[in-house]
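**Q** Pasting protein_5.txt below, which is compact mmCIF, C-alpha atoms.
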```
# COMPACT_ATOMS: atom_id res chain seq x y z
CA MET F 282 21.95 -35.33 -7.81
CA LYS F 283 25.65 -34.69 -8.43
CA ILE F 284 27.70 -32.71 -5.90
CA LYS F 285 28.51 -30.17 -8.62
CA ASP F 286 24.78 -29.57 -9.17
CA VAL F 287 24.22 -29.07 -5.43
CA VAL F 288 27.02 -26.50 -5.29
CA ILE F 289 25.52 -24.61 -8.24
CA ILE F 290 22.08 -24.55 -6.60
CA ILE F 291 23.53 -23.26 -3.33
CA PHE F 292 25.48 -20.58 -5.22
CA VAL F 293 22.35 -19.43 -7.07
CA CYS F 294 20.39 -19.29 -3.80
CA LEU F 295 23.10 -17.17 -2.21
CA ILE F 296 22.99 -14.76 -5.15
CA ASN F 297 19.21 -14.50 -4.99
CA ASN F 298 19.26 -13.98 -1.24
CA GLY F 299 21.93 -11.32 -1.68
CA VAL F 300 19.48 -9.20 -3.66
CA PHE F 301 17.83 -8.31 -0.37
CA ALA F 302 20.46 -7.19 2.12
CA GLN F 303 18.66 -7.27 5.47
CA GLN F 304 19.51 -5.10 8.46
CA ASN F 305 17.68 -5.19 11.81
CA ILE F 306 17.31 -1.98 13.82
CA THR F 307 15.85 -1.59 17.32
CA LEU F 308 13.97 1.69 17.65
CA THR F 309 13.97 3.84 20.77
CA ILE F 310 11.11 5.84 22.23
CA GLN F 311 11.87 9.09 24.07
CA GLY F 312 15.49 8.08 24.47
CA LYS F 313 14.88 4.55 25.75
CA THR F 314 13.68 1.19 24.51
CA ALA F 315 10.01 0.47 25.03
CA GLU F 316 9.29 -1.01 28.45
CA LYS F 317 9.45 -4.78 28.61
CA SER F 318 6.59 -6.87 29.95
CA GLN F 319 6.50 -10.47 31.11
CA ASN F 320 5.51 -11.40 27.56
CA LYS F 321 8.42 -11.94 25.18
CA GLU F 322 8.25 -11.36 21.45
CA GLN F 323 7.63 -14.63 19.65
CA THR F 324 7.35 -15.86 16.10
CA ILE F 325 5.36 -18.87 14.95
CA ILE F 326 4.49 -20.48 11.62
CA PRO F 327 0.83 -21.60 11.93
CA ASP F 328 0.70 -22.93 8.35
CA PRO F 329 3.75 -25.05 7.41
CA LYS F 330 2.65 -25.11 3.77
CA SER F 331 2.97 -21.37 3.32
CA GLY F 332 5.80 -20.92 5.80
CA SER F 333 4.42 -17.48 6.64
CA ARG F 334 5.47 -16.18 10.02
CA ILE F 335 3.22 -14.57 12.63
CA VAL F 336 4.79 -12.31 15.27
CA PHE F 337 3.18 -11.41 18.61
CA ASN F 338 3.94 -9.83 21.99
CA VAL F 339 6.07 -7.09 20.49
CA THR F 340 7.15 -4.68 23.25
CA SER F 341 10.18 -3.06 21.56
CA PRO F 342 9.56 -1.62 18.07
CA SER F 343 12.08 -2.46 15.37
CA LEU F 344 12.77 -2.24 11.66
CA SER F 345 14.08 -4.82 9.19
CA ILE F 346 15.61 -3.23 6.09
CA TYR F 347 15.37 -4.82 2.65
CA LYS F 348 17.56 -3.17 0.03
CA PRO F 349 17.38 -3.46 -3.75
CA GLU F 350 20.10 -5.15 -5.76
CA LYS F 351 23.27 -3.07 -5.94
CA GLY F 352 22.97 -0.42 -8.62
CA ASN F 353 19.19 -0.83 -8.86
CA SER F 354 18.08 1.67 -6.19
CA ASN F 355 15.67 4.42 -7.20
CA GLY F 356 16.52 6.50 -4.12
CA ILE F 357 13.12 6.01 -2.46
CA GLY F 358 12.39 4.39 0.90
CA VAL F 359 9.12 2.75 1.97
CA LEU F 360 8.01 1.98 5.52
CA VAL F 361 5.97 -1.26 5.48
CA CYS F 362 3.47 -1.79 8.33
CA PRO F 363 1.90 -5.27 8.55
CA GLY F 364 -1.46 -5.74 10.26
CA GLY F 365 -3.12 -8.14 12.68
CA ALA F 366 -5.70 -6.28 14.79
CA PHE F 367 -2.91 -4.87 17.00
CA HIS F 368 -2.67 -8.37 18.52
CA ILE F 369 -0.35 -10.08 16.04
CA LEU F 370 1.62 -9.15 12.94
CA ALA F 371 1.16 -10.98 9.63
CA TYR F 372 4.88 -10.50 9.33
CA ASP F 373 5.54 -12.26 6.03
CA ASP F 374 2.24 -11.90 4.15
CA GLU F 375 1.90 -8.18 4.88
CA GLY F 376 5.52 -7.36 5.65
CA VAL F 377 8.53 -9.20 4.30
CA THR F 378 6.87 -10.42 1.08
CA ILE F 379 5.74 -6.85 0.30
CA ALA F 380 9.18 -5.48 1.18
CA LYS F 381 10.91 -7.92 -1.15
CA GLU F 382 8.55 -7.05 -4.01
CA LEU F 383 9.30 -3.37 -3.50
CA ALA F 384 13.05 -4.01 -3.25
CA ALA F 385 12.93 -5.90 -6.55
CA LYS F 386 11.52 -2.71 -8.10
CA GLY F 387 14.28 -0.50 -6.70
CA TYR F 388 12.77 0.68 -3.40
CA THR F 389 14.48 0.32 -0.03
CA ALA F 390 11.79 -1.19 2.21
CA ALA F 391 11.69 -1.19 6.01
CA VAL F 392 9.30 -3.62 7.74
CA LEU F 393 8.04 -2.29 11.07
CA LYS F 394 7.34 -4.33 14.19
CA TYR F 395 5.23 -2.13 16.45
CA ARG F 396 3.92 -2.58 19.98
CA LEU F 397 0.95 -4.93 20.33
CA VAL F 398 -1.70 -6.05 22.79
CA PRO F 399 -0.18 -8.74 25.08
CA VAL F 400 -1.53 -12.20 24.25
CA ASP F 401 -1.25 -15.70 25.68
CA SER F 402 1.88 -17.17 24.11
CA LYS F 403 0.35 -20.65 24.27
CA ASP F 404 -2.71 -19.60 22.29
CA PRO F 405 -2.13 -16.22 20.59
CA PHE F 406 -5.15 -16.58 18.30
CA GLY F 407 -7.68 -17.89 20.82
CA LYS F 408 -9.20 -14.71 22.22
CA LEU F 409 -8.59 -12.77 19.02
CA SER F 410 -10.89 -15.16 17.17
CA GLN F 411 -13.56 -14.58 19.81
CA TYR F 412 -13.17 -10.80 19.77
CA ALA F 413 -13.42 -10.68 15.97
CA LYS F 414 -17.05 -11.79 16.30
CA ASN F 415 -17.83 -8.61 18.23
CA PHE F 416 -15.92 -5.73 16.67
CA GLU F 417 -16.89 -3.24 19.38
CA VAL F 418 -15.27 -5.45 22.00
CA LEU F 419 -12.20 -5.88 19.80
CA GLU F 420 -11.91 -2.10 19.37
CA SER F 421 -12.09 -1.52 23.12
CA ILE F 422 -9.25 -3.98 23.67
CA MET F 423 -7.14 -2.51 20.88
CA ALA F 424 -7.75 1.10 21.93
CA PRO F 425 -4.95 1.47 24.55
CA VAL F 426 -2.24 0.18 22.21
CA VAL F 427 -3.28 2.04 19.04
CA PRO F 428 -1.56 5.32 20.08
CA LEU F 429 1.58 3.35 20.96
CA ALA F 430 1.62 1.67 17.55
CA ILE F 431 1.12 5.01 15.81
CA GLU F 432 3.94 6.48 17.91
CA ASP F 433 6.16 3.60 16.79
CA GLY F 434 5.26 4.43 13.18
CA LYS F 435 6.27 8.05 13.75
CA THR F 436 9.52 6.98 15.39
CA ALA F 437 10.25 4.67 12.45
CA MET F 438 9.58 7.42 9.90
CA LYS F 439 11.85 9.84 11.75
CA TYR F 440 14.59 7.22 11.91
CA LEU F 441 14.36 6.49 8.19
CA LYS F 442 14.54 10.17 7.28
CA GLN F 443 17.42 10.86 9.67
CA ASN F 444 19.42 7.88 8.41
CA ALA F 445 18.36 7.97 4.77
CA GLY F 446 21.85 8.52 3.36
CA ALA F 447 23.31 5.51 5.13
CA LEU F 448 20.34 3.37 4.10
CA GLY F 449 20.55 4.33 0.44
CA PHE F 450 17.71 6.74 -0.28
CA GLU F 451 16.86 10.44 -0.03
CA ALA F 452 15.55 11.87 3.23
CA THR F 453 12.72 13.66 1.43
CA LYS F 454 11.63 10.49 -0.34
CA VAL F 455 10.21 8.11 2.24
CA GLY F 456 6.68 6.77 1.80
CA VAL F 457 4.56 4.34 3.80
CA ILE F 458 2.28 1.38 3.08
CA GLY F 459 0.23 -0.38 5.74
CA PHE F 460 -2.29 -3.20 5.92
CA SER F 461 -5.38 -3.32 8.15
CA ALA F 462 -4.03 -2.22 11.56
CA GLY F 463 -0.86 -1.22 9.75
CA GLY F 464 -3.12 0.89 7.55
CA THR F 465 -4.08 2.83 10.69
CA ILE F 466 -0.42 3.78 11.04
CA ALA F 467 -0.07 4.66 7.35
CA ALA F 468 -3.12 6.94 7.54
CA ALA F 469 -2.00 8.49 10.83
CA LEU F 470 1.36 9.46 9.32
CA ALA F 471 -0.39 10.94 6.30
CA VAL F 472 -2.59 13.27 8.38
CA ASP F 473 0.30 14.39 10.60
CA PRO F 474 1.52 17.86 9.51
CA ASP F 475 4.95 17.36 11.11
CA PRO F 476 7.46 17.27 8.22
CA GLN F 477 9.63 14.84 10.20
CA VAL F 478 6.72 12.39 10.22
CA GLN F 479 4.68 13.06 7.09
CA PRO F 480 5.52 10.60 4.30
CA LEU F 481 6.20 11.26 0.62
CA PHE F 482 3.10 9.15 -0.08
CA SER F 483 0.77 6.94 1.95
CA ALA F 484 -0.91 3.68 0.95
CA PRO F 485 -3.43 2.34 3.51
CA ILE F 486 -4.52 -1.08 2.21
CA TYR F 487 -7.85 -2.43 3.58
CA PRO F 488 -7.21 -0.07 6.50
CA TYR F 489 -8.81 0.14 9.92
CA LEU F 490 -9.50 3.89 10.01
CA ASN F 491 -11.76 4.54 13.01
CA PRO F 492 -8.93 6.06 15.14
CA VAL F 493 -7.96 8.61 12.47
CA ILE F 494 -10.93 9.07 10.15
CA ASP F 495 -12.02 12.38 11.71
CA THR F 496 -8.54 13.89 11.86
CA ALA F 497 -8.19 16.97 9.66
CA VAL F 498 -6.38 16.45 6.37
CA PRO F 499 -3.32 18.74 6.33
CA ALA F 500 -3.11 21.57 3.82
CA LEU F 501 -0.12 19.93 2.14
CA ALA F 502 -1.41 16.37 2.21
CA PRO F 503 0.79 13.64 0.70
CA PRO F 504 -0.57 11.61 -2.25
CA LEU F 505 -2.85 8.82 -1.05
CA PHE F 506 -3.43 5.33 -2.50
CA VAL F 507 -6.17 3.16 -0.98
CA ALA F 508 -7.12 -0.40 -1.95
CA VAL F 509 -9.97 -2.39 -0.39
CA THR F 510 -12.70 -4.85 -1.38
CA GLN F 511 -16.45 -4.40 -1.37
CA ASP F 512 -16.77 -7.72 0.50
CA ASP F 513 -14.23 -6.74 3.17
CA ASP F 514 -15.04 -8.89 6.20
CA PHE F 515 -15.07 -5.86 8.52
CA GLY F 516 -16.74 -3.37 6.21
CA PHE F 517 -13.58 -1.29 5.86
CA ASP F 518 -14.59 -0.21 2.36
CA LEU F 519 -16.95 2.48 3.71
CA ASN F 520 -14.33 4.33 5.76
CA SER F 521 -11.88 3.93 2.86
CA LEU F 522 -14.37 5.81 0.71
CA LYS F 523 -14.78 8.44 3.42
CA LEU F 524 -10.99 8.92 3.61
CA TYR F 525 -10.84 9.38 -0.16
CA GLN F 526 -13.65 11.96 0.01
CA ARG F 527 -11.87 13.87 2.78
CA TRP F 528 -8.66 13.89 0.72
CA LYS F 529 -10.51 15.15 -2.34
CA SER F 530 -12.28 17.87 -0.33
CA ALA F 531 -8.88 19.04 0.89
CA ASN F 532 -7.60 19.13 -2.72
CA GLY F 533 -5.22 16.28 -2.00
CA LEU F 534 -4.13 13.81 -4.66
CA ALA F 535 -5.80 10.44 -4.08
CA GLU F 536 -6.49 7.17 -5.85
CA LEU F 537 -9.04 4.66 -4.57
CA HIS F 538 -9.43 1.04 -5.73
CA VAL F 539 -12.50 -0.82 -4.51
CA TYR F 540 -12.47 -4.39 -5.81
CA SER F 541 -15.78 -6.25 -5.77
CA LYS F 542 -14.29 -9.47 -4.37
CA GLY F 543 -11.25 -10.55 -2.39
CA HIS F 544 -12.26 -10.10 1.28
CA HIS F 545 -9.93 -8.79 3.98
CA GLY F 546 -6.22 -9.63 4.00
CA PHE F 547 -5.56 -9.99 0.28
CA ALA F 548 -2.02 -8.55 0.46
CA SER F 549 0.02 -11.50 -0.81
CA LYS F 550 -2.82 -13.87 -1.69
CA LYS F 551 -3.49 -15.13 -5.19
CA GLN F 552 -7.23 -15.69 -5.56
CA GLN F 553 -7.56 -15.59 -9.35
CA LEU F 554 -9.41 -12.29 -8.99
CA PRO F 555 -8.72 -8.74 -10.23
CA VAL F 556 -7.64 -7.81 -6.68
CA ASP F 557 -4.54 -9.96 -7.24
CA GLN F 558 -3.17 -7.09 -9.35
CA TRP F 559 -3.37 -4.44 -6.64
CA MET F 560 0.42 -4.26 -6.20
CA ASP F 561 0.92 -3.56 -9.91
CA SER F 562 -1.66 -0.78 -9.62
CA PHE F 563 0.15 0.64 -6.60
CA THR F 564 3.64 0.63 -8.10
CA GLY F 565 2.23 1.92 -11.40
CA TRP F 566 0.69 4.80 -9.45
CA LEU F 567 4.07 5.53 -7.85
CA VAL F 568 5.80 5.55 -11.23
CA SER F 569 3.15 7.87 -12.67
CA MET F 570 4.10 10.44 -10.04
CA GLY F 571 7.82 10.07 -10.63
CA TYR F 572 8.37 7.94 -7.53
CA GLY F 573 10.15 5.05 -9.25
CA SER F 574 10.57 3.69 -12.75
CA ASN F 575 9.28 0.76 -14.80
```
Go ahead and render the structure in this file as structure tokens.

**A**
Amino acid sequence: MKIKDVVIIIFVCLINNGVFAQQNITLTIQGKTAEKSQNKEQTIIPDPKSGSRIVFNVTSPSLSIYKPEKGNSNGIGVLVCPGGAFHILAYDDEGVTIAKELAAKGYTAAVLKYRLVPVDSKDPFGKLSQYAKNFEVLESIMAPVVPLAIEDGKTAMKYLKQNAGALGFEATKVGVIGFSAGGTIAAALAVDPDPQVQPLFSAPIYPYLNPVIDTAVPALAPPLFVAVTQDDDFGFDLNSLKLYQRWKSANGLAELHVYSKGHHGFASKKQQLPVDQWMDSFTGWLVSMGYGSN
């Protein structure tokens, strides 16, 4: 390859990377950073082929901001909450990749790292794989950190609204999307009546809803978008249906997509199934309400 060709390729890559101007922000809780533990936040790439990063041992919540190309902003922000059973974060598959797709459509997306259950840094998946076989045990282990993660989601939403102008969107136009455990956070924000916390819209995707399913739906509930599969590995389709029913009973605006196949964790996967189109359905739903444009 000629040197000139290499220079052109590098230049094109720089332009493409410039579409998503990233900014990292450490969040504070009650005026101070979350307490540190002996575990340090780490990132690994378990599958070199995909290059997707997994993050674990998060003790200080933070945001990474992905902005649309200059002049392409629609003035709407979206908090993106990846999942991972409150033990890890599927940071790329359910975070950065989603944020970049939203940024390409004009949204300013903020990927949240929230506090997690401490895990063995030498084998972060070991016990999680064991716990997944007994969901009641997994829930008991997750339980102490769930309120902390939800609190981090609230802190993130407040930050985004308070700094909306500097970040490039309107303070009244900040929504949330979350996956699995991140869906817990998205749902928790949606049922919170505090205007500083409640999002413009909420999209829990194959969400874990046990911690919030019985919380009253506020009188002025934000629009809700839920996507899940009938063959979800943890049976999350049933509570997704219950959440939709509660929204409808409260006269809230809601849209529910239950795909017959696709299992849990379909966020960025391509399985040659109808569920692959869930993101188009989501952004189409946003546009239909005036939250974005084609």

**Q** Which residue, F:Arg396, F:Lys542, F:Lys403, F:Lys454, has the smallest gap to Thr309 (chain F) when you use all atoms listed in the file?

**A**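 Closest candidate: F:Arg396.
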
**Q** Pick the closest to Gly364 (chain F) from F:Pro474, F:Pro485, F:Gly573, F:Gly533: which is it, counting all atoms listed in the file?

**A**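 The closest residue to Gly364 (chain F) is F:Pro485.
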
**Q** Interatomic distance between CA of Phe563 (chain F) and CA of Thr453 (chain F)?

**A**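 Spanning CA of Phe563 (chain F) to CA of Thr453 (chain F) is a straight-line distance of 19.8 Å.
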
**Q** Would you kindly return, as number ranges by chain, each protein, DNA or RNA residue with an atom no farther than 10 Å from any atom of Ile306 (chain F), considering all atoms listed in the file and excluding same-chain residues fewer than 6 positions away?

**A** F: 342-346, 391, 393, 437, 440

**Q** In Å to one decimal, how far is CA of Ala380 (chain F) from CA of Val539 (chain F)?

**A** 22.9 Å

**Q** I'd like the interatomic distance between CA of Tyr487 (chain F) and CA of Thr307 (chain F), to a tenth of an Å.

**A** 27.4 Å

**Q** Between F:Ile369, F:Ile357, F:Ile326, F:Leu470, which has the minimum distance to Asp401 (chain F) (counting only C-alpha atoms)?

**A**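 Going through F:Ile369, F:Ile357, F:Ile326, F:Leu470 one by one, the smallest distance to Asp401 (chain F) is for F:Ile369.
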
**Q** For Glu375 (chain F), which residue among F:Pro363, F:Gly332, F:Pro399, F:Gly387 is the nearest when counting all atoms listed in the file?

**A**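 The closest residue to Glu375 (chain F) is F:Pro363.
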
**Q** Fewer than 2 positions away in the same chain doesn't count, so skip those; otherwise give me all residues within 12 Å of Gly352 (chain F), counting all atoms listed in the file, as a PyMOL selection string.

**A** chain F and resi 300+348-350+354-356+384-388+449

**Q** Name the residues in contact with Leu448 (chain F) at a cut-off of 10 Å, using all atoms listed in the file, excluding same-chain residues fewer than 2 positions from it; report them as a list in words.

**A**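 Listing them by chain and then by number gives Gln304, Ile346, Tyr347, Lys348, Gly356, Gly358, Thr389, Ala390, Ala391, Leu441, Lys442, Gln443, Asn444, Ala445, Gly446, Phe450, Glu451 and Ala452 of chain F.
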
**Q** For the selection just defined, write its residues with C-alpha atoms to a file, as a PDB file, in the coordinates of the input.

**A**
```pdb
ATOM      1  CA  GLN F 304      19.510  -5.100   8.460  1.00  0.00           C
ATOM      2  CA  ILE F 346      15.610  -3.230   6.090  1.00  0.00           C
ATOM      3  CA  TYR F 347      15.370  -4.820   2.650  1.00  0.00           C
ATOM      4  CA  LYS F 348      17.560  -3.170   0.030  1.00  0.00           C
ATOM      5  CA  GLY F 356      16.520   6.500  -4.120  1.00  0.00           C
ATOM      6  CA  GLY F 358      12.390   4.390   0.900  1.00  0.00           C
ATOM      7  CA  THR F 389      14.480   0.320  -0.030  1.00  0.00           C
ATOM      8  CA  ALA F 390      11.790  -1.190   2.210  1.00  0.00           C
ATOM      9  CA  ALA F 391      11.690  -1.190   6.010  1.00  0.00           C
ATOM     10  CA  LEU F 441      14.360   6.490   8.190  1.00  0.00           C
ATOM     11  CA  LYS F 442      14.540  10.170   7.280  1.00  0.00           C
ATOM     12  CA  GLN F 443      17.420  10.860   9.670  1.00  0.00           C
ATOM     13  CA  ASN F 444      19.420   7.880   8.410  1.00  0.00           C
ATOM     14  CA  ALA F 445      18.360   7.970   4.770  1.00  0.00           C
ATOM     15  CA  GLY F 446      21.850   8.520   3.360  1.00  0.00           C
ATOM     16  CA  PHE F 450      17.710   6.740  -0.280  1.00  0.00           C
ATOM     17  CA  GLU F 451      16.860  10.440  -0.030  1.00  0.00           C
ATOM     18  CA  ALA F 452      15.550  11.870   3.230  1.00  0.00           C
TER      19      ALA F 452
END
```

**Q** Calculated over all atoms listed in the file, which of the candidates F:Ile431, F:Val509, F:Val455, F:Ala531 has the smallest distance to Gly543 (chain F)?

**A**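 Using all atoms listed in the file, the shortest distance to Gly543 (chain F) belongs to F:Val509.
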
**Q** Smallest atom-to-atom distance to Ser331 (chain F): which of F:Asn520, F:Gln526, F:Gln558, F:Thr378, using all atoms listed in the file?

**A** F:Thr378

**Q** Using only C-alpha atoms, which protein or nucleic acid residues come within 9 Å of region 413-418 of chain F? Drop anything in the same chain fewer than 4 positions from it, and give the result as a PDB file with C-alpha atoms, in the coordinates of the input.

**A**
```pdb
ATOM      1  CA  ALA F 366      -5.700  -6.280  14.790  1.00  0.00           C
ATOM      2  CA  LYS F 408      -9.200 -14.710  22.220  1.00  0.00           C
ATOM      3  CA  LEU F 409      -8.590 -12.770  19.020  1.00  0.00           C
ATOM      4  CA  ILE F 422      -9.250  -3.980  23.670  1.00  0.00           C
ATOM      5  CA  MET F 423      -7.140  -2.510  20.880  1.00  0.00           C
ATOM      6  CA  PHE F 515     -15.070  -5.860   8.520  1.00  0.00           C
TER       7      PHE F 515
END
```
